[in-house]
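For reference, the structure is listed below as structure tokens.
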Amino acid sequence: MLTFLALASVVLLGIVPEQTQGIVIYTGWERHALVGSDIRLSCSFFSWRWTSEDVTFSWTYRPDGSRDSISIFHYTGGAAYVDNKGPFRDRVEFVGNPGRRDGSILIKNLDFSDNGTFTCDAKNPPDIVGRPSSVRLLVFEKVPIQAGVITGAIIGVVLGLLVLIVVIYYLMRFLVARRVFSLSVRSVTGLWPAALCQSGLCQGLKQKPEPIPGTDTCVAKLA
Amino acid sequence: MLLLLLGIILLHVAALVLLFVSTIVSVWTSSETGTSDLWINCSTSNGGYHCDPATSGEWIQAVQAVMILSIIFSCLSLFLFFCQLFTLQKGGRFFLTGTFQILASLFVMSGAIIYTVMSPEWVPEGDAFGYSYILAWVAFPLALISGLIYVILRKRE
């Protein structure tokens with residue numbers, strides 16, 4: 001009964017999303033790059049169907065502050081078509097693998113005018129219902145330090161030092177206590193009952209044993 | 001005796017609260033166009049209120065770190081004070097508590113100094129310093145005095 005329920009839930013989970021999910025496209029959220037460098041914009045998708053031969057990828061670009069998009073790349077029918085008229089002419093290269101659901105492009109020799117939003121749209125017939133995903137490109141002269149890196153580093157170092165000091169302190173105390181303990185053990189081995197000492201059996205020791213006042217034992221001090 | 005204890009704790013908590021306010025509601029500079037603080041830089045320019053996070057600059061991140069560390073150390077010292085209150089022998093001094101509190105005050109001082117020296121870099125000149133900046137400077141001597149009291153105090157009763 002339980003196994004039947006488990007199987008039924010697995011099958012249902014398999015079928016229902018297929019009808020409601022569609023294709024899910026993944027790109028980065030934001031990319032930082034230096035002027036003059038190349039950047040790889042990755043785009044991949046998830047679909048419940050097998051990758052068909054008619055899979056298509058298309059990239060569009062919208063500059064910062066503008067409302068118009070321009071198409072810069074299209075892959076269809078097994079062939080990639082790159083921009084040969086627009087702002088990215090001769091700068092776009094297809095580096096993806098459609099068989100592995102990867103539709104990434106490489107943009108070379110970046111400039112400040114390339115700041116903007118790149119949108120990737122992928123279709124895997126018959127699975128065509130999905131939302132395109134966008135990645136924002138920021139081109140810098142020098143890459144700024146991410147917010148919080150130095151903050152976290154300073155806090156981490158100081159707290160780490162604090163923990164280290166506490167650990168060393170307790171270690172020292174533990175070691176000193178052990179040394180004191182081992183010293184007292186050595187003097188304990190010299191304890192002899194008073195009767196034995198008085199009978200003269202302690203002659204072998206370098207020093208005469210002395211009785212501890214108030215007790216029945218005496219201590220033979222080690223030479 | 002109880003009054004003294006209460007007074008010391010009040011002083012410590014006051015310094016701690018000032019530190020918290022200064023770091024969180026941090027209005028470190030203010031001008032007509034907007035405020036800027038340790039975490040974000042807001043201004044109303046060209047119609048619309050827009051904020052930039054403080055990603056630029058290594059120094060502002062150092063100030064953030066140092067303020068957070070001072071809060072942590074002050075909290076730790078308060079906690080240690082209560083621990084030592086019950087475990088210290090009679091006549092002993094609250095050295096550990098005082099050390100942490102003095103360290104916290106040193107952190108606030110260095111944070112405020114760094115901010116004063118480096119602020120022209122990320123805030124336009126002519127901006128007045130806001131109240132959080134002043135609170136940070138007030139928290140520094142309070143924390144210092146509190147720490148020194150701990151170091152001098154001897155446990156009685």
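Labels used: A, B, ... for chains in the order of the structure tokens, numbers from 1 for residues in each chain, and numbers from 1 for ligands as shown.
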
Contacts between region 59-76 of chain B and region 106-187 of chain A, please, where a residue of region 106-187 of chain A counts if it comes within 9 Å (with only C-alpha atoms); show its shortest atom pair and distance in Å to one decimal, rows by chain and ascending number, as JSON lines.
```
{"residue": "A:Ala147", "atom": "CA", "partner": "B:Gln61", "partner_atom": "CA", "distance": 7.5}
{"residue": "A:Gly148", "atom": "CA", "partner": "B:Gln61", "partner_atom": "CA", "distance": 6.5}
{"residue": "A:Val149", "atom": "CA", "partner": "B:Gln61", "partner_atom": "CA", "distance": 8.0}
{"residue": "A:Ile150", "atom": "CA", "partner": "B:Gln61", "partner_atom": "CA", "distance": 5.9}
{"residue": "A:Thr151", "atom": "CA", "partner": "B:Ala65", "partner_atom": "CA", "distance": 4.5}
{"residue": "A:Gly152", "atom": "CA", "partner": "B:Ala65", "partner_atom": "CA", "distance": 6.9}
{"residue": "A:Ala153", "atom": "CA", "partner": "B:Ala65", "partner_atom": "CA", "distance": 8.4}
{"residue": "A:Ile154", "atom": "CA", "partner": "B:Ala65", "partner_atom": "CA", "distance": 6.2}
{"residue": "A:Ile155", "atom": "CA", "partner": "B:Ala65", "partner_atom": "CA", "distance": 5.8}
{"residue": "A:Val158", "atom": "CA", "partner": "B:Leu69", "partner_atom": "CA", "distance": 8.1}
{"residue": "A:Leu159", "atom": "CA", "partner": "B:Leu69", "partner_atom": "CA", "distance": 8.4}
```

Helix (DSSP H, G or I) residues, from DSSP on the backbone, in region 68-181 of chain A, as number ranges by chain: A: 98-100, 112-114, 149-181

Could you please take those selected residues and save N, CA and C atoms as a CSV table (one decimal), in the first residue's frame?
```csv
chain,number,residue,atom,x,y,z
A,98,PRO,N,24.9,23.3,-27.9
A,98,PRO,CA,23.4,23.1,-27.9
A,98,PRO,C,23.0,21.7,-27.4
A,99,GLY,N,23.8,20.7,-27.8
A,99,GLY,CA,23.5,19.4,-27.3
A,99,GLY,C,23.5,19.2,-25.8
A,100,ARG,N,24.3,20.1,-25.2
A,100,ARG,CA,24.2,20.1,-23.7
A,100,ARG,C,23.5,21.2,-23.1
A,112,PHE,N,33.3,50.7,-22.8
A,112,PHE,CA,32.3,51.3,-21.8
A,112,PHE,C,30.9,51.3,-22.5
A,113,SER,N,30.8,51.4,-23.8
A,113,SER,CA,29.5,51.5,-24.4
A,113,SER,C,28.8,50.2,-24.4
A,114,ASP,N,29.5,49.1,-24.0
A,114,ASP,CA,28.8,47.8,-23.9
A,114,ASP,C,28.1,47.6,-22.6
A,149,VAL,N,33.9,42.6,1.5
A,149,VAL,CA,35.1,41.6,1.6
A,149,VAL,C,36.0,42.1,2.7
A,150,ILE,N,36.4,43.4,2.6
A,150,ILE,CA,37.4,43.9,3.6
A,150,ILE,C,36.8,43.9,5.0
A,151,THR,N,35.5,44.3,5.0
A,151,THR,CA,34.8,44.2,6.3
A,151,THR,C,34.9,42.9,7.0
A,152,GLY,N,34.5,41.9,6.2
A,152,GLY,CA,34.5,40.5,6.7
A,152,GLY,C,35.9,40.1,7.1
A,153,ALA,N,36.9,40.5,6.3
A,153,ALA,CA,38.2,40.0,6.5
A,153,ALA,C,38.8,40.6,7.8
A,154,ILE,N,38.5,41.9,8.1
A,154,ILE,CA,39.0,42.5,9.3
A,154,ILE,C,38.3,41.9,10.5
A,155,ILE,N,37.0,41.7,10.4
A,155,ILE,CA,36.3,41.2,11.6
A,155,ILE,C,36.8,39.7,11.8
A,156,GLY,N,36.9,39.0,10.7
A,156,GLY,CA,37.4,37.6,10.9
A,156,GLY,C,38.7,37.5,11.5
A,157,VAL,N,39.7,38.4,11.1
A,157,VAL,CA,41.0,38.3,11.6
A,157,VAL,C,41.0,38.6,13.1
A,158,VAL,N,40.3,39.7,13.5
A,158,VAL,CA,40.4,40.1,14.9
A,158,VAL,C,39.7,39.0,15.8
A,159,LEU,N,38.6,38.5,15.4
A,159,LEU,CA,37.9,37.5,16.2
A,159,LEU,C,38.8,36.2,16.2
A,160,GLY,N,39.4,35.9,15.1
A,160,GLY,CA,40.3,34.7,15.1
A,160,GLY,C,41.4,34.9,16.0
A,161,LEU,N,42.0,36.1,16.1
A,161,LEU,CA,43.1,36.3,17.0
A,161,LEU,C,42.6,36.1,18.5
A,162,LEU,N,41.4,36.7,18.7
A,162,LEU,CA,40.8,36.5,20.1
A,162,LEU,C,40.7,35.1,20.5
A,163,VAL,N,40.1,34.3,19.5
A,163,VAL,CA,39.9,32.9,19.8
A,163,VAL,C,41.3,32.2,20.1
A,164,LEU,N,42.3,32.6,19.2
A,164,LEU,CA,43.6,32.0,19.3
A,164,LEU,C,44.2,32.3,20.7
A,165,ILE,N,44.1,33.5,21.1
A,165,ILE,CA,44.6,33.9,22.4
A,165,ILE,C,44.0,33.1,23.5
A,166,VAL,N,42.7,33.0,23.5
A,166,VAL,CA,42.0,32.2,24.5
A,166,VAL,C,42.4,30.8,24.5
A,167,VAL,N,42.6,30.2,23.3
A,167,VAL,CA,43.0,28.8,23.3
A,167,VAL,C,44.4,28.6,23.8
A,168,ILE,N,45.3,29.5,23.4
A,168,ILE,CA,46.7,29.4,23.9
A,168,ILE,C,46.7,29.6,25.4
A,169,TYR,N,45.9,30.5,26.0
A,169,TYR,CA,45.9,30.7,27.4
A,169,TYR,C,45.5,29.5,28.1
A,170,TYR,N,44.4,28.8,27.6
A,170,TYR,CA,43.9,27.6,28.3
A,170,TYR,C,44.9,26.5,28.2
A,171,LEU,N,45.6,26.4,27.0
A,171,LEU,CA,46.6,25.4,26.8
A,171,LEU,C,47.7,25.5,27.7
A,172,MET,N,48.2,26.8,27.9
A,172,MET,CA,49.3,27.0,28.8
A,172,MET,C,48.9,26.6,30.2
A,173,ARG,N,47.6,27.0,30.6
A,173,ARG,CA,47.2,26.6,32.0
A,173,ARG,C,47.1,25.1,32.1
A,174,PHE,N,46.7,24.4,31.1
A,174,PHE,CA,46.6,23.0,31.2
A,174,PHE,C,48.0,22.3,31.3
A,175,LEU,N,48.9,22.9,30.5
A,175,LEU,CA,50.3,22.3,30.5
A,175,LEU,C,50.9,22.5,31.8
A,176,VAL,N,50.8,23.7,32.3
A,176,VAL,CA,51.4,24.0,33.6
A,176,VAL,C,50.8,23.2,34.7
A,177,ALA,N,49.5,23.0,34.7
A,177,ALA,CA,48.8,22.1,35.7
A,177,ALA,C,49.3,20.7,35.6
A,178,ARG,N,49.6,20.3,34.3
A,178,ARG,CA,50.1,18.9,34.1
A,178,ARG,C,51.5,18.8,34.7
A,179,ARG,N,52.3,19.8,34.5
A,179,ARG,CA,53.7,19.7,35.0
A,179,ARG,C,53.6,19.7,36.6
A,180,VAL,N,52.8,20.5,37.1
A,180,VAL,CA,52.7,20.5,38.6
A,180,VAL,C,52.2,19.2,39.1
A,181,PHE,N,51.3,18.6,38.4
A,181,PHE,CA,50.7,17.3,38.7
A,181,PHE,C,51.8,16.2,38.7
```

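For Gly92 (chain B), the list of residues within 8 Å, based on only C-alpha atoms and with local chain neighbours fewer than 4 positions off taken out, reads Leu88, Arg154 and Lys155 of chain B.
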
With all heavy atoms kept, could you save the residues just selected as a PDB file, in the first residue's frame?
```pdb
ATOM      1  N   LEU B  88      34.396  35.868  40.534  1.00  0.00           N
ATOM      2  CA  LEU B  88      35.656  36.456  40.989  1.00  0.00           C
ATOM      3  C   LEU B  88      35.759  36.360  42.506  1.00  0.00           C
ATOM      4  O   LEU B  88      34.768  36.408  43.221  1.00  0.00           O
ATOM      5  CB  LEU B  88      35.696  37.928  40.562  1.00  0.00           C
ATOM      6  CG  LEU B  88      37.073  38.520  40.286  1.00  0.00           C
ATOM      7  CD1 LEU B  88      37.766  37.714  39.229  1.00  0.00           C
ATOM      8  CD2 LEU B  88      36.916  39.957  39.836  1.00  0.00           C
ATOM      9  N   ARG B 154      37.317  47.063  42.564  1.00  0.00           N
ATOM     10  CA  ARG B 154      37.636  45.811  43.264  1.00  0.00           C
ATOM     11  C   ARG B 154      36.342  45.163  43.728  1.00  0.00           C
ATOM     12  O   ARG B 154      35.433  45.838  44.155  1.00  0.00           O
ATOM     13  CB  ARG B 154      38.486  46.109  44.497  1.00  0.00           C
ATOM     14  CG  ARG B 154      39.943  46.244  44.184  1.00  0.00           C
ATOM     15  CD  ARG B 154      40.721  46.236  45.469  1.00  0.00           C
ATOM     16  NE  ARG B 154      42.050  46.750  45.288  1.00  0.00           N
ATOM     17  CZ  ARG B 154      43.056  46.022  44.790  1.00  0.00           C
ATOM     18  NH1 ARG B 154      42.855  44.797  44.444  1.00  0.00           N
ATOM     19  NH2 ARG B 154      44.241  46.563  44.639  1.00  0.00           N
ATOM     20  N   LYS B 155      36.309  43.847  43.671  1.00  0.00           N
ATOM     21  CA  LYS B 155      35.066  43.183  44.044  1.00  0.00           C
ATOM     22  C   LYS B 155      34.956  43.159  45.559  1.00  0.00           C
ATOM     23  O   LYS B 155      35.861  42.745  46.264  1.00  0.00           O
ATOM     24  CB  LYS B 155      35.075  41.762  43.507  1.00  0.00           C
ATOM     25  CG  LYS B 155      33.797  41.063  43.835  1.00  0.00           C
ATOM     26  CD  LYS B 155      33.580  39.841  42.995  1.00  0.00           C
ATOM     27  CE  LYS B 155      32.171  39.356  43.271  1.00  0.00           C
ATOM     28  NZ  LYS B 155      32.003  37.987  43.423  1.00  0.00           N
TER      29      LYS B 155
END
```

Length of the CA of Ile25 (chain A) to CA of Ser47 (chain A) vector [Å]: 8.8 Å

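Straight-line separation from CA of Val139 (chain A) to CA of Val24 (chain A): 27.5 Å.
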
Distance of CA of Arg67 (chain A) from CA of Ile107 (chain A), expressed in Å to one decimal place: 21.6 Å

Residue contacts of region 148-152 of chain B (12 Å, only C-alpha atoms) excluding same-chain residues fewer than 5 positions away, as a PyMOL selection string: chain B and resi 4-5+7-9+11-12+77-78+80-82+84-85+91-103+105+141-143

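The residues of chain B that DSSP classifies as strand (DSSP E), using the backbone of this structure, are Thr29, Ser30, Thr35, Ser36, Ile40, Asn41, Cys42, Ser43, Thr44, Tyr49, His50, Cys51, Asp52, Pro53, Ala128 and Phe129 of chain B.
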